[in-house]
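See below for protein11.pdb, which holds PDB, C-alpha atoms.
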```
ATOM      1  CA  MET A 125      11.958  16.126 -69.053
ATOM      2  CA  PRO A 126       9.397  13.774 -70.605
ATOM      3  CA  GLU A 127      10.570  12.325 -73.918
ATOM      4  CA  ASN A 128       7.649  13.786 -75.895
ATOM      5  CA  GLU A 129       8.051  17.339 -74.533
ATOM      6  CA  SER A 130       9.170  20.178 -76.792
ATOM      7  CA  TRP A 131      12.518  21.917 -76.257
ATOM      8  CA  ASP A 132      14.375  24.780 -77.922
ATOM      9  CA  TYR A 133      18.064  25.787 -78.002
ATOM     10  CA  THR A 134      19.748  28.724 -79.725
ATOM     11  CA  LEU A 135      23.500  29.074 -80.169
ATOM     12  CA  CYS A 136      24.598  32.604 -81.153
ATOM     13  CA  ILE A 137      27.802  32.521 -83.176
ATOM     14  CA  PRO A 138      30.274  35.032 -84.573
ATOM     15  CA  ASN A 139      31.023  35.365 -88.258
ATOM     16  CA  ASP A 140      33.844  32.830 -88.077
ATOM     17  CA  LEU A 141      34.143  29.536 -89.984
ATOM     18  CA  ARG A 142      35.302  27.817 -86.765
ATOM     19  CA  ALA A 143      31.747  28.328 -85.502
ATOM     20  CA  VAL A 144      30.575  25.604 -87.897
ATOM     21  CA  THR A 145      32.462  22.975 -85.876
ATOM     22  CA  VAL A 146      31.151  24.413 -82.607
ATOM     23  CA  CYS A 147      27.596  24.180 -83.969
ATOM     24  CA  ARG A 148      28.031  20.601 -85.196
ATOM     25  CA  ARG A 149      29.399  19.397 -81.868
ATOM     26  CA  THR A 150      26.793  21.279 -79.845
ATOM     27  CA  LEU A 151      23.987  19.901 -82.003
ATOM     28  CA  ARG A 152      25.269  16.330 -81.599
ATOM     29  CA  LEU A 153      25.375  16.787 -77.818
ATOM     30  CA  ILE A 154      21.816  18.154 -77.724
ATOM     31  CA  LEU A 155      20.465  15.304 -79.861
ATOM     32  CA  THR A 156      22.371  12.662 -77.891
ATOM     33  CA  LEU A 157      21.121  13.943 -74.540
ATOM     34  CA  HIS A 158      17.545  13.987 -75.817
ATOM     35  CA  GLY A 159      17.797  10.448 -77.197
ATOM     36  CA  PHE A 160      17.958  11.276 -80.917
ATOM     37  CA  ILE A 161      21.413   9.904 -81.736
ATOM     38  CA  GLY A 162      19.882   8.077 -84.725
ATOM     39  CA  ILE A 163      19.466  11.342 -86.637
ATOM     40  CA  ALA A 164      22.627  13.052 -85.352
ATOM     41  CA  ASP A 165      24.785  12.379 -88.446
ATOM     42  CA  THR A 166      22.182  13.762 -90.851
ATOM     43  CA  ALA A 167      21.356  16.668 -88.540
ATOM     44  CA  GLU A 168      25.046  17.568 -88.235
ATOM     45  CA  LEU A 169      25.494  17.550 -92.011
ATOM     46  CA  LEU A 170      22.462  19.766 -92.594
ATOM     47  CA  ALA A 171      23.336  22.171 -89.781
ATOM     48  CA  ALA A 172      26.944  22.431 -91.005
ATOM     49  CA  GLU A 173      25.793  23.247 -94.537
ATOM     50  CA  SER A 174      23.299  25.857 -93.310
ATOM     51  CA  VAL A 175      25.616  27.493 -90.770
ATOM     52  CA  SER A 176      28.574  27.579 -93.152
ATOM     53  CA  ASN A 177      26.368  29.362 -95.713
ATOM     54  CA  ALA A 178      25.325  31.865 -93.031
ATOM     55  CA  VAL A 179      28.943  32.560 -92.060
ATOM     56  CA  ARG A 180      30.413  32.595 -95.580
ATOM     57  CA  HIS A 181      27.812  34.738 -97.306
ATOM     58  CA  THR A 182      27.089  37.412 -94.683
ATOM     59  CA  LYS A 183      29.146  39.796 -92.597
ATOM     60  CA  GLY A 184      27.153  39.804 -89.373
ATOM     61  CA  PRO A 185      26.565  37.414 -86.529
ATOM     62  CA  ALA A 186      24.645  34.186 -87.052
ATOM     63  CA  ALA A 187      22.767  31.650 -84.953
ATOM     64  CA  LEU A 188      21.919  27.967 -84.917
ATOM     65  CA  ARG A 189      18.537  27.084 -83.490
ATOM     66  CA  VAL A 190      17.410  23.525 -82.835
ATOM     67  CA  ARG A 191      14.114  22.510 -81.332
ATOM     68  CA  ARG A 192      11.762  19.607 -81.009
ATOM     69  CA  THR A 193       8.391  20.579 -82.399
ATOM     70  CA  PRO A 194       5.096  19.620 -80.754
ATOM     71  CA  GLU A 195       4.623  17.220 -83.709
ATOM     72  CA  GLY A 196       7.820  15.369 -82.749
ATOM     73  CA  MET A 197      10.100  16.654 -85.521
ATOM     74  CA  VAL A 198      13.558  18.128 -84.954
ATOM     75  CA  TRP A 199      13.677  21.615 -86.485
ATOM     76  CA  ILE A 200      17.126  23.019 -87.350
ATOM     77  CA  GLY A 201      17.511  26.628 -88.450
ATOM     78  CA  ALA A 202      20.479  28.812 -89.325
ATOM     79  CA  TRP A 203      19.877  32.540 -88.972
ATOM     80  CA  ASP A 204      21.977  35.121 -90.807
ATOM     81  CA  THR A 205      21.877  38.872 -91.437
ATOM     82  CA  ASP A 206      20.978  38.702 -95.121
ATOM     83  CA  PRO A 207      17.198  39.109 -95.539
ATOM     84  CA  ALA A 208      17.303  37.979 -99.192
ATOM     85  CA  PRO A 209      16.035  34.476 -99.954
ATOM     86  CA  PRO A 210      18.641  31.800-100.640
ATOM     87  CA  ASP A 211      19.253  30.714-104.206
ATOM     88  CA  PRO A 212      17.115  27.701-105.135
ATOM     89  CA  PRO A 213      18.930  24.413-104.510
ATOM     90  CA  CYS A 214      20.459  22.612-107.475
ATOM     91  CA  PRO A 215      19.756  18.915-107.926
ATOM     92  CA  LEU A 216      22.639  16.951-106.412
ATOM     93  CA  GLU A 217      23.320  15.200-109.720
ATOM     94  CA  GLN A 218      24.285  18.571-111.229
ATOM     95  CA  VAL A 219      26.660  19.649-108.441
ATOM     96  CA  ALA A 220      27.995  16.365-107.059
ATOM     97  CA  GLU A 221      31.570  16.973-108.217
ATOM     98  CA  LEU A 222      31.720  20.703-107.405
ATOM     99  CA  GLU A 223      33.547  22.169-104.398
ATOM    100  CA  ASP A 224      30.559  24.277-103.355
ATOM    101  CA  GLY A 225      26.930  24.824-104.270
ATOM    102  CA  ARG A 226      25.667  21.547-102.787
ATOM    103  CA  GLY A 227      24.461  22.835 -99.396
ATOM    104  CA  LEU A 228      20.782  23.416-100.006
ATOM    105  CA  GLY A 229      20.668  20.456-102.379
ATOM    106  CA  LEU A 230      21.775  18.252 -99.485
ATOM    107  CA  VAL A 231      19.225  19.863 -97.197
ATOM    108  CA  ARG A 232      16.464  19.282 -99.749
ATOM    109  CA  ALA A 233      17.544  15.665-100.312
ATOM    110  CA  CYS A 234      17.934  14.690 -96.625
ATOM    111  CA  ALA A 235      15.228  16.615 -94.755
ATOM    112  CA  GLU A 236      11.514  15.883 -94.640
ATOM    113  CA  TYR A 237      10.807  19.602 -95.056
ATOM    114  CA  TRP A 238      12.912  22.700 -95.589
ATOM    115  CA  GLY A 239      12.405  26.359 -96.331
ATOM    116  CA  TRP A 240      13.358  29.854 -95.356
ATOM    117  CA  GLN A 241      11.625  32.737 -93.630
ATOM    118  CA  PRO A 242      12.451  36.356 -92.837
ATOM    119  CA  ALA A 243      13.444  36.850 -89.202
ATOM    120  CA  ALA A 244      15.068  39.574 -87.115
ATOM    121  CA  ARG A 245      17.535  38.917 -84.280
ATOM    122  CA  PHE A 246      19.951  41.108 -82.354
ATOM    123  CA  GLY A 247      18.300  44.162 -83.925
ATOM    124  CA  ASP A 248      19.294  42.976 -87.420
ATOM    125  CA  ARG A 249      17.002  41.953 -90.247
ATOM    126  CA  GLY A 250      17.818  38.561 -91.677
ATOM    127  CA  LYS A 251      16.429  35.127 -92.395
ATOM    128  CA  TYR A 252      16.275  31.568 -91.129
ATOM    129  CA  VAL A 253      17.042  28.725 -93.497
ATOM    130  CA  TRP A 254      15.483  25.733 -91.796
ATOM    131  CA  CYS A 255      14.762  22.045 -92.159
ATOM    132  CA  GLU A 256      12.892  19.367 -90.240
ATOM    133  CA  LEU A 257      13.917  15.793 -89.551
ATOM    134  CA  ALA A 258      11.659  12.989 -88.343
ATOM    135  CA  THR A 259      12.777  11.494 -85.038
ATOM    136  CA  ALA A 260      11.250   8.050 -85.526
TER     137      ALA A 260
END
```

Would you write out, as structure tokens, the structure that this file holds?
Amino acid sequence: MPENESWDYTLCIPNDLRAVTVCRRTLRLILTLHGFIGIADTAELLAAESVSNAVRHTKGPAALRVRRTPEGMVWIGAWDTDPAPPDPPCPLEQVAELEDGRGLGLVRACAEYWGWQPAARFGDRGKYVWCELATA
């Protein structure tokens, strides 16, 4: 596959916290094989935060989607069965010492772009919380 070609992977996961580790390791493998090891640590962190939110705060299945956009960005999205928008991220300075509540703050701080959008999968309404990372 040419290095500038787009690609797209989706990993469907159960509502199980162990799925976060499966997603992190799968994402690292995908990025390594496509030559993007330089962003793997950041991508893993952001995917883990997004997927753990999807698993912790919903009761249904979830999914991790990772793709290379035509513009050359790596897009990472976590789908869950809750169609409601996520709470706005808190600035990291306000939540740095807390056990939870940092997830979207980390995404906002580390990604070039982030957002959410309604999306249906598996016959369920839900949403994607996504971010984009530059590959250069």

* To do: Counting only C-alpha atoms, figure out which residue out of A:Ile200, A:Asp211, A:Lys251, A:Pro194 gets nearest to Glu168 of chain A.
  =>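 Among the listed residues, the smallest separation from Glu168 of chain A belongs to A:Ile200.
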
Can you tell me which residues surround Thr182 of chain A at a distance of at most 8 Å, considering only C-alpha atoms, apart from same-chain residues fewer than 4 positions away, and format the answer as a short mmCIF file (atom, residue, chain, number, x, y, z; two decimals) with C-alpha atoms, keeping the file's coordinate frame?
```cif
data_model
loop_
_atom_site.label_atom_id
_atom_site.label_comp_id
_atom_site.auth_asym_id
_atom_site.auth_seq_id
_atom_site.Cartn_x
_atom_site.Cartn_y
_atom_site.Cartn_z
CA ASN A 139 31.02 35.36 -88.26
CA ALA A 178 25.32 31.86 -93.03
CA ASP A 204 21.98 35.12 -90.81
CA THR A 205 21.88 38.87 -91.44
CA ASP A 206 20.98 38.70 -95.12
#
```

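Between atom CA of Thr150 of chain A and atom CA of Pro210 of chain A the separation is 24.7 Å.
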
Within 6 Å of segment 130-137 of chain A: each segment 158-259 of chain A residue with its shortest pair, all atoms listed in the file, as a tab-separated table:
```
residue	atom	partner	partner_atom	distance
A:Ala186	CA	A:Ile137	CA	5.3
A:Ala187	CA	A:Cys136	CA	4.3
A:Leu188	CA	A:Leu135	CA	5.1
A:Arg189	CA	A:Thr134	CA	4.3
A:Val190	CA	A:Tyr133	CA	5.4
A:Arg191	CA	A:Asp132	CA	4.1
A:Arg192	CA	A:Ser130	CA	5.0
A:Thr193	CA	A:Ser130	CA	5.7
A:Pro194	CA	A:Ser130	CA	5.7
```

* To do: Report as a list in words the full result of the PyMOL selection byres ((chain A and resi 209) around 10) when it is applied to this structure.
  =>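 Those residues are Asp206, Pro207, Ala208, Pro210, Asp211, Pro212, Gly239, Trp240, Gln241, Pro242, Gly250, Lys251, Tyr252 and Val253 of chain A.
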
* Asked: In Å to one decimal, how far is atom CA of Met197 of chain A from atom CA of Glu173 of chain A?
  -> 19.3 Å

* To do: Specify as a PyMOL selection string each residue included when the PyMOL selection byres ((chain A and resi 148) around 10) is applied to this file.
  => chain A and resi 143-147+149-153+164-165+167-173+175+188

How big is the axis-aligned box around all listed atoms of segment 238-247 of chain A once 4 Å goes on each side, and where's its centre, in Å to one decimal, as AutoDock Vina command-line options?
```
--center_x 15.8 --center_y 33.4 --center_z -89.3 --size_x 16.3 --size_y 29.5 --size_z 22.0
```

* Enter the distance from atom CA of Pro138 of chain A to atom CA of Pro185 of chain A, in Å, rounded to one decimal. =>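 Value for the atom CA of Pro138 of chain A-atom CA of Pro185 of chain A distance: 4.8 Å.
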
* Select, from A:Trp238, A:Gly201, A:Arg249, A:Ala243, the residue with the minimum atom-to-atom distance to Asn177 of chain A, counting all atoms listed in the file. => A:Gly201

Evaluating the PyMOL selection byres ((chain A and resi 256) around 6) on the displayed file yields which residues, as a PDB file with C-alpha atoms, in the coordinates of the input?
```
ATOM      1  CA  VAL A 198      13.558  18.128 -84.954  1.00  0.00           C
ATOM      2  CA  TRP A 199      13.677  21.615 -86.485  1.00  0.00           C
ATOM      3  CA  ALA A 235      15.228  16.615 -94.755  1.00  0.00           C
ATOM      4  CA  GLU A 236      11.514  15.883 -94.640  1.00  0.00           C
ATOM      5  CA  TYR A 237      10.807  19.602 -95.056  1.00  0.00           C
ATOM      6  CA  CYS A 255      14.762  22.045 -92.159  1.00  0.00           C
ATOM      7  CA  LEU A 257      13.917  15.793 -89.551  1.00  0.00           C
TER       8      LEU A 257
END
```

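Each of A:Leu155, A:Val231, A:Val179, A:Ile161 was checked against Arg142 of chain A using all atoms listed in the file; the smallest atom-to-atom distance is that of A:Val179.
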
* Taking into account only C-alpha atoms, which residue in the set A:Thr156, A:Arg232, A:Gly184, A:Pro213 is nearest to Gly247 of chain A? -> A:Gly184
